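With TSV, N, CA and C atoms inside, this is coords.tsv:
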chain	number	residue	atom	x	y	z
J	1	GLU	N	0.82	-1.20	0.00
J	1	GLU	CA	0.00	0.00	0.00
J	1	GLU	C	0.86	1.26	0.00
J	2	ALA	N	1.96	1.21	0.76
J	2	ALA	CA	2.81	2.39	0.86
J	2	ALA	C	3.40	2.79	-0.49
J	3	LEU	N	3.66	1.83	-1.36
J	3	LEU	CA	4.24	2.14	-2.66
J	3	LEU	C	3.30	2.93	-3.56
J	4	HIS	N	2.01	2.90	-3.26
J	4	HIS	CA	1.04	3.66	-4.05
J	4	HIS	C	1.03	5.14	-3.67
J	5	ASP	N	1.66	5.48	-2.57
J	5	ASP	CA	1.78	6.88	-2.15
J	5	ASP	C	2.81	7.54	-3.06
J	6	ARG	N	2.40	8.53	-3.82
J	6	ARG	CA	3.29	9.16	-4.81
J	6	ARG	C	4.50	9.83	-4.16
J	7	GLU	N	4.44	10.11	-2.88
J	7	GLU	CA	5.60	10.67	-2.18
J	7	GLU	C	6.76	9.67	-2.19
J	8	MET	N	6.45	8.41	-2.32
J	8	MET	CA	7.49	7.37	-2.32
J	8	MET	C	8.39	7.45	-3.54
J	9	VAL	N	7.94	8.14	-4.58
J	9	VAL	CA	8.78	8.29	-5.78
J	9	VAL	C	10.09	9.00	-5.42
J	10	LYS	N	10.06	9.81	-4.37
J	10	LYS	CA	11.27	10.51	-3.93
J	10	LYS	C	12.31	9.55	-3.38
J	11	GLY	N	11.86	8.39	-2.94
J	11	GLY	CA	12.78	7.38	-2.44
J	11	GLY	C	12.27	6.69	-1.20
J	12	PHE	N	12.67	5.45	-1.05
J	12	PHE	CA	12.33	4.66	0.12
J	12	PHE	C	13.35	3.54	0.25
J	13	ILE	N	13.38	2.94	1.42
J	13	ILE	CA	14.33	1.87	1.69
J	13	ILE	C	13.57	0.60	2.03
J	14	LEU	N	13.96	-0.47	1.39
J	14	LEU	CA	13.49	-1.80	1.74
J	14	LEU	C	14.67	-2.49	2.42
J	15	ASP	N	14.60	-2.69	3.70
J	15	ASP	CA	15.70	-3.27	4.45
J	15	ASP	C	15.59	-4.79	4.46
J	16	GLY	N	16.57	-5.45	3.85
J	16	GLY	CA	16.58	-6.90	3.84
J	16	GLY	C	15.68	-7.53	2.79
J	17	PHE	N	15.23	-6.76	1.85
J	17	PHE	CA	14.37	-7.26	0.77
J	17	PHE	C	14.77	-6.58	-0.52
J	18	PRO	N	14.85	-7.31	-1.58
J	18	PRO	CA	14.57	-8.72	-1.78
J	18	PRO	C	15.74	-9.61	-1.32
J	19	ARG	N	15.41	-10.82	-0.92
J	19	ARG	CA	16.43	-11.77	-0.43
J	19	ARG	C	16.77	-12.85	-1.44
J	20	THR	N	15.92	-13.02	-2.45
J	20	THR	CA	16.17	-14.04	-3.48
J	20	THR	C	16.08	-13.40	-4.85
J	21	LEU	N	16.66	-14.07	-5.83
J	21	LEU	CA	16.62	-13.56	-7.20
J	21	LEU	C	15.18	-13.46	-7.71
J	22	LYS	N	14.35	-14.45	-7.37
J	22	LYS	CA	12.95	-14.43	-7.78
J	22	LYS	C	12.24	-13.19	-7.22
J	23	GLN	N	12.51	-12.86	-5.96
J	23	GLN	CA	11.91	-11.66	-5.36
J	23	GLN	C	12.42	-10.40	-6.04
J	24	ALA	N	13.69	-10.36	-6.40
J	24	ALA	CA	14.26	-9.18	-7.06
J	24	ALA	C	13.62	-8.94	-8.42
J	25	VAL	N	13.46	-10.00	-9.19
J	25	VAL	CA	12.84	-9.87	-10.51
J	25	VAL	C	11.40	-9.41	-10.38
J	26	ALA	N	10.67	-9.96	-9.41
J	26	ALA	CA	9.28	-9.55	-9.19
J	26	ALA	C	9.20	-8.10	-8.73
J	27	LEU	N	10.11	-7.70	-7.84
J	27	LEU	CA	10.13	-6.31	-7.38
J	27	LEU	C	10.43	-5.36	-8.53
J	28	ASP	N	11.40	-5.70	-9.37
J	28	ASP	CA	11.73	-4.86	-10.53
J	28	ASP	C	10.51	-4.67	-11.42
J	29	ALA	N	9.79	-5.76	-11.67
J	29	ALA	CA	8.61	-5.69	-12.54
J	29	ALA	C	7.53	-4.81	-11.90
J	30	LEU	N	7.30	-4.99	-10.61
J	30	LEU	CA	6.29	-4.19	-9.91
J	30	LEU	C	6.63	-2.71	-9.93
J	31	LEU	N	7.88	-2.38	-9.62
J	31	LEU	CA	8.28	-0.98	-9.59
J	31	LEU	C	8.23	-0.35	-10.98
J	32	SER	N	8.60	-1.11	-11.99
J	32	SER	CA	8.53	-0.61	-13.36
J	32	SER	C	7.08	-0.35	-13.76
J	33	GLU	N	6.22	-1.29	-13.42
J	33	GLU	CA	4.79	-1.15	-13.71
J	33	GLU	C	4.20	0.07	-13.01
J	34	MET	N	4.70	0.37	-11.84
J	34	MET	CA	4.19	1.50	-11.06
J	34	MET	C	4.85	2.82	-11.45
J	35	GLY	N	5.82	2.78	-12.37
J	35	GLY	CA	6.45	3.99	-12.86
J	35	GLY	C	7.59	4.52	-12.00
J	36	TYR	N	8.14	3.67	-11.17
J	36	TYR	CA	9.26	4.11	-10.34
J	36	TYR	C	10.54	4.13	-11.16
J	37	PRO	N	11.44	5.06	-10.84
J	37	PRO	CA	12.73	5.08	-11.53
J	37	PRO	C	13.56	3.86	-11.12
J	38	GLN	N	14.71	3.76	-11.71
J	38	GLN	CA	15.60	2.61	-11.45
J	38	GLN	C	15.87	2.40	-9.96
J	39	VAL	N	15.92	1.15	-9.58
J	39	VAL	CA	16.24	0.75	-8.21
J	39	VAL	C	17.73	0.96	-7.96
J	40	LYS	N	18.04	1.41	-6.76
J	40	LYS	CA	19.43	1.50	-6.32
J	40	LYS	C	19.57	0.62	-5.09
J	41	VAL	N	20.61	-0.20	-5.07
J	41	VAL	CA	20.82	-1.14	-3.99
J	41	VAL	C	22.06	-0.75	-3.22
J	42	ILE	N	21.92	-0.64	-1.92
J	42	ILE	CA	23.05	-0.36	-1.05
J	42	ILE	C	23.53	-1.70	-0.50
J	43	ASN	N	24.74	-2.07	-0.84
J	43	ASN	CA	25.33	-3.32	-0.39
J	43	ASN	C	26.39	-2.99	0.65
J	44	ILE	N	26.07	-3.26	1.91
J	44	ILE	CA	27.01	-2.97	2.99
J	44	ILE	C	27.92	-4.18	3.16
J	45	ILE	N	29.20	-3.95	2.95
J	45	ILE	CA	30.19	-5.03	2.98
J	45	ILE	C	30.82	-5.14	4.36
J	46	VAL	N	30.70	-6.32	4.94
J	46	VAL	CA	31.31	-6.63	6.23
J	46	VAL	C	31.80	-8.07	6.14
J	47	ASN	N	33.03	-8.33	6.56
J	47	ASN	CA	33.55	-9.69	6.45
J	47	ASN	C	32.86	-10.62	7.45
J	48	ASP	N	32.94	-11.92	7.17
J	48	ASP	CA	32.24	-12.91	7.99
J	48	ASP	C	32.67	-12.88	9.45
J	49	LYS	N	33.94	-12.67	9.70
J	49	LYS	CA	34.43	-12.65	11.08
J	49	LYS	C	33.77	-11.51	11.87
J	50	GLU	N	33.68	-10.34	11.26
J	50	GLU	CA	33.05	-9.19	11.91
J	50	GLU	C	31.54	-9.42	12.08
J	51	LEU	N	30.91	-10.00	11.06
J	51	LEU	CA	29.48	-10.29	11.18
J	51	LEU	C	29.22	-11.27	12.33
J	52	MET	N	30.06	-12.27	12.44
J	52	MET	CA	29.93	-13.25	13.52
J	52	MET	C	30.05	-12.54	14.87
J	53	ARG	N	31.04	-11.66	15.00
J	53	ARG	CA	31.24	-10.93	16.25
J	53	ARG	C	30.02	-10.08	16.58
J	54	ARG	N	29.51	-9.37	15.60
J	54	ARG	CA	28.35	-8.50	15.83
J	54	ARG	C	27.11	-9.29	16.21
J	55	MET	N	26.85	-10.37	15.48
J	55	MET	CA	25.64	-11.14	15.73
J	55	MET	C	25.70	-11.87	17.07
J	56	LEU	N	26.86	-12.37	17.42
J	56	LEU	CA	26.98	-13.04	18.71
J	56	LEU	C	26.91	-12.03	19.86
J	57	GLY	N	27.23	-10.79	19.59
J	57	GLY	CA	27.22	-9.74	20.60
J	57	GLY	C	25.85	-9.14	20.85
J	58	ARG	N	24.85	-9.55	20.08
J	58	ARG	CA	23.51	-8.98	20.26
J	58	ARG	C	22.81	-9.52	21.50
J	59	GLY	N	23.26	-10.67	21.99
J	59	GLY	CA	22.67	-11.23	23.21
J	59	GLY	C	21.38	-11.98	23.01
J	60	ARG	N	21.04	-12.29	21.75
J	60	ARG	CA	19.82	-13.06	21.50
J	60	ARG	C	20.08	-14.54	21.73
J	61	LYS	N	19.11	-15.23	22.30
J	61	LYS	CA	19.28	-16.65	22.62
J	61	LYS	C	19.56	-17.49	21.37
J	62	ASP	N	18.96	-17.11	20.23
J	62	ASP	CA	19.14	-17.90	19.01
J	62	ASP	C	20.40	-17.54	18.23
J	63	ASP	N	21.20	-16.61	18.72
J	63	ASP	CA	22.45	-16.24	18.05
J	63	ASP	C	23.61	-17.06	18.60
J	64	THR	N	23.71	-18.29	18.12
J	64	THR	CA	24.84	-19.14	18.45
J	64	THR	C	25.77	-19.17	17.25
J	65	GLU	N	27.00	-19.63	17.43
J	65	GLU	CA	27.92	-19.71	16.29
J	65	GLU	C	27.32	-20.56	15.18
J	66	GLU	N	26.66	-21.65	15.55
J	66	GLU	CA	26.07	-22.54	14.54
J	66	GLU	C	24.98	-21.84	13.75
J	67	THR	N	24.07	-21.13	14.43
J	67	THR	CA	22.99	-20.46	13.71
J	67	THR	C	23.50	-19.30	12.88
J	68	VAL	N	24.51	-18.59	13.38
J	68	VAL	CA	25.07	-17.49	12.61
J	68	VAL	C	25.77	-18.02	11.35
J	69	ARG	N	26.51	-19.10	11.49
J	69	ARG	CA	27.16	-19.71	10.31
J	69	ARG	C	26.09	-20.13	9.29
J	70	HIS	N	25.00	-20.71	9.79
J	70	HIS	CA	23.91	-21.12	8.90
J	70	HIS	C	23.33	-19.91	8.17
J	71	ARG	N	23.09	-18.83	8.89
J	71	ARG	CA	22.55	-17.61	8.26
J	71	ARG	C	23.50	-17.08	7.18
J	72	LEU	N	24.79	-17.11	7.46
J	72	LEU	CA	25.77	-16.65	6.47
J	72	LEU	C	25.76	-17.54	5.23
J	73	ASN	N	25.60	-18.85	5.43
J	73	ASN	CA	25.54	-19.77	4.29
J	73	ASN	C	24.28	-19.55	3.47
J	74	VAL	N	23.16	-19.32	4.14
J	74	VAL	CA	21.90	-19.04	3.44
J	74	VAL	C	22.05	-17.76	2.63
J	75	TYR	N	22.67	-16.75	3.23
J	75	TYR	CA	22.91	-15.49	2.51
J	75	TYR	C	23.70	-15.75	1.24
J	76	LYS	N	24.79	-16.50	1.37
J	76	LYS	CA	25.64	-16.75	0.20
J	76	LYS	C	24.90	-17.53	-0.89
J	77	GLU	N	24.04	-18.45	-0.49
J	77	GLU	CA	23.31	-19.26	-1.47
J	77	GLU	C	22.14	-18.49	-2.11
J	78	GLN	N	21.40	-17.74	-1.31
J	78	GLN	CA	20.16	-17.14	-1.80
J	78	GLN	C	20.26	-15.66	-2.14
J	79	THR	N	21.09	-14.93	-1.43
J	79	THR	CA	21.09	-13.47	-1.59
J	79	THR	C	22.21	-12.97	-2.49
J	80	LEU	N	23.34	-13.65	-2.54
J	80	LEU	CA	24.40	-13.20	-3.44
J	80	LEU	C	23.93	-13.09	-4.89
J	81	PRO	N	23.09	-14.00	-5.39
J	81	PRO	CA	22.59	-13.81	-6.77
J	81	PRO	C	21.80	-12.51	-6.95
J	82	VAL	N	21.16	-12.03	-5.90
J	82	VAL	CA	20.45	-10.74	-5.98
J	82	VAL	C	21.45	-9.62	-6.21
J	83	LYS	N	22.54	-9.67	-5.48
J	83	LYS	CA	23.60	-8.65	-5.65
J	83	LYS	C	24.11	-8.65	-7.09
J	84	GLU	N	24.35	-9.81	-7.65
J	84	GLU	CA	24.85	-9.89	-9.02
J	84	GLU	C	23.80	-9.41	-10.03
J	85	HIS	N	22.54	-9.68	-9.76
J	85	HIS	CA	21.44	-9.21	-10.61
J	85	HIS	C	21.48	-7.68	-10.72
J	86	TYR	N	21.62	-7.02	-9.59
J	86	TYR	CA	21.64	-5.55	-9.60
J	86	TYR	C	22.99	-5.00	-10.07
J	87	ARG	N	24.06	-5.74	-9.86
J	87	ARG	CA	25.36	-5.29	-10.36
J	87	ARG	C	25.34	-5.23	-11.88
J	88	LYS	N	24.70	-6.21	-12.53
J	88	LYS	CA	24.57	-6.22	-13.99
J	88	LYS	C	23.80	-5.01	-14.49
J	89	LYS	N	22.91	-4.49	-13.67
J	89	LYS	CA	22.12	-3.31	-14.03
J	89	LYS	C	22.80	-2.01	-13.61
J	90	SER	N	24.00	-2.11	-13.06
J	90	SER	CA	24.74	-0.95	-12.53
J	90	SER	C	23.91	-0.19	-11.50
J	91	ALA	N	23.20	-0.94	-10.67
J	91	ALA	CA	22.30	-0.31	-9.70
J	91	ALA	C	22.75	-0.54	-8.27
J	92	ILE	N	23.96	-1.05	-8.08
J	92	ILE	CA	24.39	-1.40	-6.74
J	92	ILE	C	25.53	-0.50	-6.29
J	93	PHE	N	25.47	-0.10	-5.03
J	93	PHE	CA	26.51	0.72	-4.42
J	93	PHE	C	27.11	-0.05	-3.26
J	94	ASP	N	28.38	-0.36	-3.36
J	94	ASP	CA	29.07	-1.05	-2.26
J	94	ASP	C	29.54	-0.03	-1.24
J	95	ILE	N	29.24	-0.31	0.01
J	95	ILE	CA	29.63	0.56	1.12
J	95	ILE	C	30.38	-0.30	2.14
J	96	GLU	N	31.56	0.13	2.54
J	96	GLU	CA	32.30	-0.58	3.57
J	96	GLU	C	31.57	-0.38	4.90
J	97	GLY	N	31.18	-1.49	5.52
J	97	GLY	CA	30.35	-1.44	6.72
J	97	GLY	C	31.13	-1.47	8.02
J	98	VAL	N	32.32	-0.89	8.01
J	98	VAL	CA	33.14	-0.83	9.22
J	98	VAL	C	33.17	0.61	9.70
J	99	GLY	N	32.96	0.80	10.99
J	99	GLY	CA	32.94	2.14	11.57
J	99	GLY	C	31.69	2.31	12.41
J	100	SER	N	31.50	3.52	12.88
J	100	SER	CA	30.32	3.81	13.69
J	100	SER	C	29.09	3.88	12.79
J	101	ILE	N	27.94	3.82	13.41
J	101	ILE	CA	26.69	3.94	12.66
J	101	ILE	C	26.67	5.27	11.91
J	102	GLU	N	27.11	6.32	12.56
J	102	GLU	CA	27.12	7.65	11.94
J	102	GLU	C	28.04	7.68	10.73
J	103	GLU	N	29.22	7.05	10.85
J	103	GLU	CA	30.18	7.03	9.73
J	103	GLU	C	29.62	6.26	8.54
J	104	ILE	N	29.03	5.12	8.82
J	104	ILE	CA	28.46	4.30	7.75
J	104	ILE	C	27.27	5.01	7.11
J	105	ASN	N	26.43	5.63	7.92
J	105	ASN	CA	25.30	6.40	7.40
J	105	ASN	C	25.78	7.52	6.47
J	106	LYS	N	26.84	8.21	6.87
J	106	LYS	CA	27.40	9.28	6.03
J	106	LYS	C	27.89	8.72	4.70
J	107	LYS	N	28.56	7.57	4.73
J	107	LYS	CA	29.04	6.94	3.50
J	107	LYS	C	27.87	6.63	2.57
J	108	ILE	N	26.78	6.12	3.13
J	108	ILE	CA	25.60	5.79	2.34
J	108	ILE	C	25.00	7.04	1.71
J	109	ILE	N	24.79	8.07	2.50
J	109	ILE	CA	24.20	9.31	1.99
J	109	ILE	C	25.09	9.94	0.94
J	110	ASP	N	26.39	10.00	1.18
J	110	ASP	CA	27.32	10.56	0.20
J	110	ASP	C	27.27	9.79	-1.11
J	111	LYS	N	27.23	8.47	-1.04
J	111	LYS	CA	27.18	7.64	-2.24
J	111	LYS	C	25.89	7.85	-3.02
J	112	LEU	N	24.77	7.92	-2.32
J	112	LEU	CA	23.49	8.14	-2.99
J	112	LEU	C	23.43	9.51	-3.64
J	113	LYS	N	23.98	10.52	-2.98
J	113	LYS	CA	23.98	11.87	-3.56
J	113	LYS	C	24.85	11.95	-4.80
J	114	SER	N	25.95	11.19	-4.83
J	114	SER	CA	26.89	11.28	-5.96
J	114	SER	C	26.51	10.40	-7.14
J	115	GLY	N	25.58	9.50	-6.93
J	115	GLY	CA	25.34	8.66	-8.09
J	115	GLY	C	24.11	7.91	-8.10

Please re-express this file's structure in structure tokens.
Amino acid sequence: EALHDREMVKGFILDGFPRTLKQAVALDALLSEMGYPQVKVINIIVNDKELMRRMLGRGRKDDTEETVRHRLNVYKEQTLPVKEHYRKKSAIFDIEGVGSIEEINKKIIDKLKSG
């Protein structure tokens, strides 16, 4: 419903979606049908060791080394093809995800403004 609000043409963020290539293709078709401009994807790059440290540090009961490793494997199997899909369209922006939240946010905003 929110996508039908014409204010959204100015921009919006889908966090963690699409997660599969099938979802990406469907999203592209929907946005094109609705008249939205090209999709831009922010790909925050963080190595597996740092991701493991962050996820284990959240204090959630289900964040064990085994479950985090499983999540990383699922990402590599299902979500990496999405990244390549958008890379082929020159719609992806890689951002180094190391630093404070403020520093990473600034990198994202600067990248979006420049391109």

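If you measure from each of J:Gly99, J:Thr20, J:Asn43, J:Gly35 to Met8 of chain J using only C-alpha atoms, the closest one turns out to be J:Gly35.
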
>> Here's a test: counting only C-alpha atoms, identify every protein, DNA and RNA residue with an atom at most 12 Å from (6.4, 1.0, 0.3) in the file's coordinate frame, and state them as a list in words.
In response: Glu1, Ala2, Leu3, His4, Asp5, Arg6, Glu7, Met8, Val9, Lys10, Gly11, Phe12, Ile13, Leu14, Asp15, Phe17, Leu27, Leu30, Leu31, Met34 and Tyr36 of chain J

Take atom N of Val74 of chain J and atom C of Arg19 of chain J and report the distance between them in Å, one decimal.
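Between atom N of Val74 of chain J and atom C of Arg19 of chain J the gap works out to 10.7 Å.
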
Practice prompt. Name the residues of chain J that fall into strand (DSSP E or B) according to DSSP on the backbone, using the chain letters and numbers of this document, as a ChimeraX atom specification.
Written response: /J:41-45,92-96

Selection export as a PDB file, keeping the file's coordinate frame, atoms kept: N, CA and C atoms:
ATOM      1  N   VAL J  41      20.610  -0.200  -5.070  1.00  0.00           N
ATOM      2  CA  VAL J  41      20.820  -1.140  -3.990  1.00  0.00           C
ATOM      3  C   VAL J  41      22.060  -0.750  -3.220  1.00  0.00           C
ATOM      4  N   ILE J  42      21.920  -0.640  -1.920  1.00  0.00           N
ATOM      5  CA  ILE J  42      23.050  -0.360  -1.050  1.00  0.00           C
ATOM      6  C   ILE J  42      23.530  -1.700  -0.500  1.00  0.00           C
ATOM      7  N   ASN J  43      24.740  -2.070  -0.840  1.00  0.00           N
ATOM      8  CA  ASN J  43      25.330  -3.320  -0.390  1.00  0.00           C
ATOM      9  C   ASN J  43      26.390  -2.990   0.650  1.00  0.00           C
ATOM     10  N   ILE J  44      26.070  -3.260   1.910  1.00  0.00           N
ATOM     11  CA  ILE J  44      27.010  -2.970   2.990  1.00  0.00           C
ATOM     12  C   ILE J  44      27.920  -4.180   3.160  1.00  0.00           C
ATOM     13  N   ILE J  45      29.200  -3.950   2.950  1.00  0.00           N
ATOM     14  CA  ILE J  45      30.190  -5.030   2.980  1.00  0.00           C
ATOM     15  C   ILE J  45      30.820  -5.140   4.360  1.00  0.00           C
ATOM     16  N   ILE J  92      23.960  -1.050  -8.080  1.00  0.00           N
ATOM     17  CA  ILE J  92      24.390  -1.400  -6.740  1.00  0.00           C
ATOM     18  C   ILE J  92      25.530  -0.500  -6.290  1.00  0.00           C
ATOM     19  N   PHE J  93      25.470  -0.100  -5.030  1.00  0.00           N
ATOM     20  CA  PHE J  93      26.510   0.720  -4.420  1.00  0.00           C
ATOM     21  C   PHE J  93      27.110  -0.050  -3.260  1.00  0.00           C
ATOM     22  N   ASP J  94      28.380  -0.360  -3.360  1.00  0.00           N
ATOM     23  CA  ASP J  94      29.070  -1.050  -2.260  1.00  0.00           C
ATOM     24  C   ASP J  94      29.540  -0.030  -1.240  1.00  0.00           C
ATOM     25  N   ILE J  95      29.240  -0.310   0.010  1.00  0.00           N
ATOM     26  CA  ILE J  95      29.630   0.560   1.120  1.00  0.00           C
ATOM     27  C   ILE J  95      30.380  -0.300   2.140  1.00  0.00           C
ATOM     28  N   GLU J  96      31.560   0.130   2.540  1.00  0.00           N
ATOM     29  CA  GLU J  96      32.300  -0.580   3.570  1.00  0.00           C
ATOM     30  C   GLU J  96      31.570  -0.380   4.900  1.00  0.00           C
TER      31      GLU J  96
END

* Mind giving me the straight-line distance from atom CA of Pro81 of chain J to atom CA of Ile45 of chain J in Å, one decimal? =>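 Atom-to-atom, atom CA of Pro81 of chain J and atom CA of Ile45 of chain J are spaced 15.2 Å apart.
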
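With only N, CA and C atoms as the atoms that count, the minimum distance from Leu51 of chain J to the choices J:Val68, J:Val82, J:Ala29, J:Ala91 is reached by J:Val68.
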
**Message:** So the first atom is atom CA of Lys61 of chain J and the second is atom N of Ile101 of chain J; what is the distance between them in Å, to one decimal place?
**Reply:**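 It comes out at 24.1 Å.
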
Checklist entry - For Ile95 of chain J, which residue out of J:Val41, J:Ala26, J:Thr79, J:Asp62 is the nearest one, using only N, CA and C atoms? => result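 The answer is J:Val41, which sits nearest to Ile95 of chain J.
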
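Nearest residue to Leu80 of chain J, choosing from J:Ile104, J:Ser32, J:Glu96, J:Leu21 and counting all atoms listed in the file: J:Leu21.
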
Going by DSSP on the backbone, which bits of segment 13-99 of chain J are helix (DSSP H, G or I)? Write them as JSON, numbers by chain, please. {"J": [21, 22, 23, 24, 25, 26, 27, 28, 29, 30, 31, 32, 33, 48, 49, 50, 51, 52, 53, 54, 55, 56, 65, 66, 67, 68, 69, 70, 71, 72, 73, 74, 75, 76, 77, 78, 79, 80, 81, 82, 83, 84, 85, 86, 87, 88]}

Around all listed atoms of segment 106-111 of chain J, padded 3 Å per side, what centre and edge lengths does the axis-aligned box have in Å to one decimal, as lines of an AutoDock Vina configuration file?
center_x = 26.6
center_y = 8.2
center_z = 1.9
size_x = 10.8
size_y = 10.8
size_z = 15.9

Please, could N, CA, C and O atoms be added to segment 49-62 of chain J and the result written as a CSV table (one decimal), keeping the file's coordinate frame?
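Final output, rebuild_8.csv:
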chain,number,residue,atom,x,y,z
J,49,LYS,N,33.9,-12.7,9.7
J,49,LYS,CA,34.4,-12.6,11.1
J,49,LYS,C,33.8,-11.5,11.9
J,49,LYS,O,33.3,-11.7,13.0
J,50,GLU,N,33.7,-10.3,11.3
J,50,GLU,CA,33.0,-9.2,11.9
J,50,GLU,C,31.5,-9.4,12.1
J,50,GLU,O,31.0,-9.1,13.1
J,51,LEU,N,30.9,-10.0,11.1
J,51,LEU,CA,29.5,-10.3,11.2
J,51,LEU,C,29.2,-11.3,12.3
J,51,LEU,O,28.3,-11.1,13.1
J,52,MET,N,30.1,-12.3,12.4
J,52,MET,CA,29.9,-13.2,13.5
J,52,MET,C,30.0,-12.5,14.9
J,52,MET,O,29.2,-12.7,15.8
J,53,ARG,N,31.0,-11.7,15.0
J,53,ARG,CA,31.2,-10.9,16.2
J,53,ARG,C,30.0,-10.1,16.6
J,53,ARG,O,29.5,-10.1,17.7
J,54,ARG,N,29.5,-9.4,15.6
J,54,ARG,CA,28.4,-8.5,15.8
J,54,ARG,C,27.1,-9.3,16.2
J,54,ARG,O,26.4,-8.9,17.1
J,55,MET,N,26.8,-10.4,15.5
J,55,MET,CA,25.6,-11.1,15.7
J,55,MET,C,25.7,-11.9,17.1
J,55,MET,O,24.7,-11.9,17.8
J,56,LEU,N,26.9,-12.4,17.4
J,56,LEU,CA,27.0,-13.0,18.7
J,56,LEU,C,26.9,-12.0,19.9
J,56,LEU,O,26.5,-12.4,21.0
J,57,GLY,N,27.2,-10.8,19.6
J,57,GLY,CA,27.2,-9.7,20.6
J,57,GLY,C,25.8,-9.1,20.8
J,57,GLY,O,25.7,-8.3,21.7
J,58,ARG,N,24.8,-9.6,20.1
J,58,ARG,CA,23.5,-9.0,20.3
J,58,ARG,C,22.8,-9.5,21.5
J,58,ARG,O,21.9,-8.9,22.0
J,59,GLY,N,23.3,-10.7,22.0
J,59,GLY,CA,22.7,-11.2,23.2
J,59,GLY,C,21.4,-12.0,23.0
J,59,GLY,O,20.7,-12.3,24.0
J,60,ARG,N,21.0,-12.3,21.8
J,60,ARG,CA,19.8,-13.1,21.5
J,60,ARG,C,20.1,-14.5,21.7
J,60,ARG,O,21.2,-15.1,21.4
J,61,LYS,N,19.1,-15.2,22.3
J,61,LYS,CA,19.3,-16.6,22.6
J,61,LYS,C,19.6,-17.5,21.4
J,61,LYS,O,20.3,-18.5,21.4
J,62,ASP,N,19.0,-17.1,20.2
J,62,ASP,CA,19.1,-17.9,19.0
J,62,ASP,C,20.4,-17.5,18.2
J,62,ASP,O,20.7,-18.1,17.2
